[in-house]
Amino acid sequence: MSSVLDVVLSSAFLAAVLRVATPYLLAAMGGLVAERAGISNIALEGQMLSAACTGALVAGYSGSVAAGALAGVAVAVLLGLLLAALRLELGADAIIAGIGLNLLASGGTAFAVYTLLDDKGGTSGLRSGTLPAVTLPGIEDIPVVGDVLSGQNTVTWLAFLAAPFVAWLFYRTRFGFHLRAVGEMPDAAASVGIAVRRVQYAGLALSGALAGLAGVFLSMGYVSFFVRDMTAGRGFIALAAVFLGGLRPWGVFLAALGFGAAEALAVQLGTLDVPPQLVSTIPYALTLVALALYAWRRKRRGAAEVAPASL
Amino acid sequence: MTTTLIESEDRREYKATRRRGLVVDLSMTLATILAALVIGFLVMLATGKDPIAAYEALLTGPLERSFRVGRWLEDATTLTLLGLSVAIPFRARQISLGAESQLYAGALAAATVAIFLPLPPVAAVIVPMAAAAAAGAGMGFVPGSMKARLGANEIVATLMLNAIVVRVYDYLVNGPLKEPGSSAVHSEPIQPDSALTPLTEWLGIPFGRANVGFLLMLLTAVALWLLITRTPLGYRIRMTGSNPHFAEYGGIRVPRAIEWSFVIGGAVAGLAGAHLVQGVYGRLEPGLAGSLAFEGIVVALLARNNPLVVVVAGLFYSYLRAGGDIMEQQTDVGTEIVVVIQAVIVLLVTAQALPDLLKRRLARRQAGTSHKRSGTSDKRTGASHGKADAR
């Protein structure tokens with residue numbers, strides 16, 4: 001037991017938590033923005049995957065990491081806009097369209113990698129590099145904090161800034177107010193002159209950008225290459241964090257951080273004598289329980305309250 | 001006299017409308033598939049491949065040898081069962097994404113019984129399947145009752161259950177259930193009596209691993225179709241899906257109907273797991289189902305959740321999968337293009353307003369030509385911009 005505590009309290013573990021939580025934080029914020037705009041973004045997974053693939057490929061061929069990252073995010077934004085268009089223009093069910101986009105991303109990325117590199121597995125044959133780490137002068141000298149923070153990827157810093165950014169956007173800006181109004185009751189929002197569709201398109205584009213950043217981190221930060229289906233369900237976990245966090249920025253932040261911490265813990269405990277598969281089920285089991293408790297509490301408070309339609 | 005005449009006339013008219021609706025549905029589906037294939041063709045052309053050779057392998061390959069036909073039927077069995085398993089909750093308008101957890105639970109239950117429990121010949125086949133159905137139903141009951149009784153989001157609940165069960169399965173196959181003394185990661189083989197009889201044994205044609213499970217799958221589909229269209233429970237499930245408020249008002253206990261739809265779907269997905277264990281692999285293998293669980297959703301969608309059509313869609317879809325493998329062996333086009341084609345099909349199927357949009361376009365074009373000729377304009381066609389009804 002003491003060895004478990006040693007692991008958890010080490011600065012290396014805390015640094016790992018920040019790294020592992022990065023894609024969850026970003027994708028969950030993306031899911032949150034879309035959810036509050038009234039369109040569930042099940043396609044987070046596909047957006048991350050497409051961004052990861054595009055990022056690695058563009059960076060590998062152009063030699064510019066920044067160009068890769070930008071291209072990756074751009075592709076994810078396009079997928080977000082496509083989802084919005086399918087929902088708003090063609091009357092598609094957002095969930096099913098999202099499943100379709102995930103399939104498209106899974107097949108499309110694998111097809112692209114195989115066509116370009118003749119490799120079934122991924123882009124490990126391509127030298128695409130990673131996004132730079134942030135170095136703050138003097139921070140390394142601070143005892144524990146320095147060890148945890150130094151050498152963290154730029155995207156990790158952005159991930160932790162994403163929650164305050166979304167909170168600020170939601171509650172302090174005109175756009176955020178409109179977005180929440182549109183998600184809550186589109187007819188009412190339209191009646192007071194909010195351009196409902198434009199807000200939803202913008203929301204889904206932002207959602208895609210955040211998920212894209214998460215994807216770019218996976219292939220250009222976490223590791224330095226793209227592997228087929230490398231998102232491995234992270235988009236779905238992020239989506240769960242959105243609901244677990246009660247559709248509020250800081251709640252979602254905590255939920256996503258919790259998932260990241262649990263995964264990092266599972267990896268660390270794998271070195272001890274605990275089956276890692278069983279440890280890694282803990283966050284999902286907790287989510288299931290929390291979901292039931294949350295629903296039960298809401299039900300007791302009375303069904304009359306207006307709840308987001310998808311919950 | 002006259003009343004019966006009017007009634008029979010009404011009935012005839014009603015039947016004619018239904019038939020016309022079916023024809024429209026069918027032609028829409030065919031058009032969707034065709035459009036997806038055309039897009040796949042263009043993608044291959046754009047990436048400098050030979051689309052004709054690729055499509056030849058894709059579309060005729062699976063029928064060229066009998067064992068390829070067997071591979072197709074075996075895959076179709078699992079896939080159709082998975083499609084059926086989500087079609088039932090979809091009918092109650094419940095987005096259940098839990099087929100994966102239900103399948104793995106079913107596979108575990110079937111394998112545990114079939115490996116460790118000595119049973120007389122016929123029971124050795126049936127008992128593991130029943131155990132699988134029960135385990136799958138249990139896995140369906142959890143998110144189903146959470147949704148029905150508490151109103152908890154079924155998408156999140158089923159996704160979480162998937163994540164849990166897949167990891168537990170992985171642990172069991174790598175640990176307690178791993179064959180002792182074997183270097184490969186898999187369980188002990190099931191007892192020979194528990195295996196689903198291969199079709200090869202019955203027909204004398206080498207059909208690979210295709211087995212009686214295929215016939216059982218057909219029976220399951222018919223049973224589910226009868227359940228949905230001909231029983232009170234099926235009626236309740238359909239009413240719940242088409243309008244829960246109206247169903248509630250009409251005295252249907254909506255939560256019960258929702259719960260049942262999950263349980264039935266779960267049981268069918270459990271059977272898919274039993275088929276993989278007793279019919280295909282003969283043991284537990286890591287990652288048994290691959291991406292099949294999610295592809296079951298595509299099959300259900302393509303069939304618009306009608307159990308009998310799910311069989312057709314499942315056969316079609318697994319034909320594409322089998323063809324994709326052959327295409328990859330024979331040409332330089334990877335099997336991934338099949339996934340792209342599948343994705344396009346999903347997107348086209350879900351884009352409900354697309355047919356209307358096309359019709360409006362056509363109408364506008366016709367209006368444009370008539371405008372030139374007669375000088376009258378049709379204002380209606382341009383005025384009906386679809387409303388954004390975001391839920």
# chains A, B, ... in the order shown; residues from 1 in each chain; ligands from 1
call {"tool": "interface_residues", "arguments": {"of": "chain B", "to": "chain A", "cutoff": "7 Å", "atoms": "only C-alpha atoms", "output": "list in words"}}
result
Met146, Leu150, Gly151, Ala152, Asn153, Val156, Ala157, Met160, Ala163, Ile164, Arg167, Val168, Tyr171, Gly334, Glu336, Ile337, Val339, Val340, Ala343, Val346, Leu347, Thr350, Ala351, Gln352, Ala353, Leu354, Ala388, Ala390 and Arg391 of chain B
call {"tool": "select_by_dssp", "arguments": {"residues": "stretch 41-242 of chain A", "states": "alpha helix (DSSP H)", "output": "NGL selection string"}}
result
:A and (44-62 or 65-88 or 94-117 or 143-149 or 154-172 or 174-184 or 186-191 or 196-217 or 234-242)
call {"tool": "atom_distance", "arguments": {"atom1": "atom CA of A:Thr54", "atom2": "atom CA of A:Ala27"}}
result
16.9 Å
call {"tool": "closest_residue", "arguments": {"among": "B:Thr60, B:Thr47, B:Ser85, B:Ser145", "to": "B:Asn306", "atoms": "only C-alpha atoms"}}
result
B:Ser85
call {"tool": "residues_around", "arguments": {"residues": "A:Ala238", "least_positions_apart": "3", "cutoff": "12 Å", "atoms": "only C-alpha atoms", "output": "ChimeraX atom specification"}}
result
/A:21-32,41-45,48,210-211,214,231-235,241-245,247,252-260,283-284,287 /B:156,159-160
call {"tool": "closest_residue", "arguments": {"among": "A:Ala209, A:Ala16, A:Ala264, A:Met230", "to": "A:Val33", "atoms": "only C-alpha atoms"}}
result
A:Ala209
call {"tool": "closest_residue", "arguments": {"among": "B:Arg256, B:Arg365, B:His186, B:Arg238", "to": "B:Ile88", "atoms": "only C-alpha atoms"}}
result
B:Arg238
call {"tool": "atom_distance", "arguments": {"atom1": "atom CA of B:Thr335", "atom2": "atom CA of B:Gly282"}}
result
26.1 Å
call {"tool": "atom_distance", "arguments": {"atom1": "atom CA of B:Pro62", "atom2": "atom CA of B:Gly323"}}
result
5.5 Å
call {"tool": "residues_around", "arguments": {"residues": "B:Ala313", "least_positions_apart": "3", "cutoff": "10 Å", "atoms": "only C-alpha atoms", "output": "list in words"}}
result
Thr29, Ala76, Leu79, Thr80, Gly83, Gly296, Val298, Val299, Ala300, Leu301, Leu302, Ala303, Arg304, Pro307, Leu308, Val309, Val310, Phe316, Tyr317, Ser318 and Tyr319 of chain B
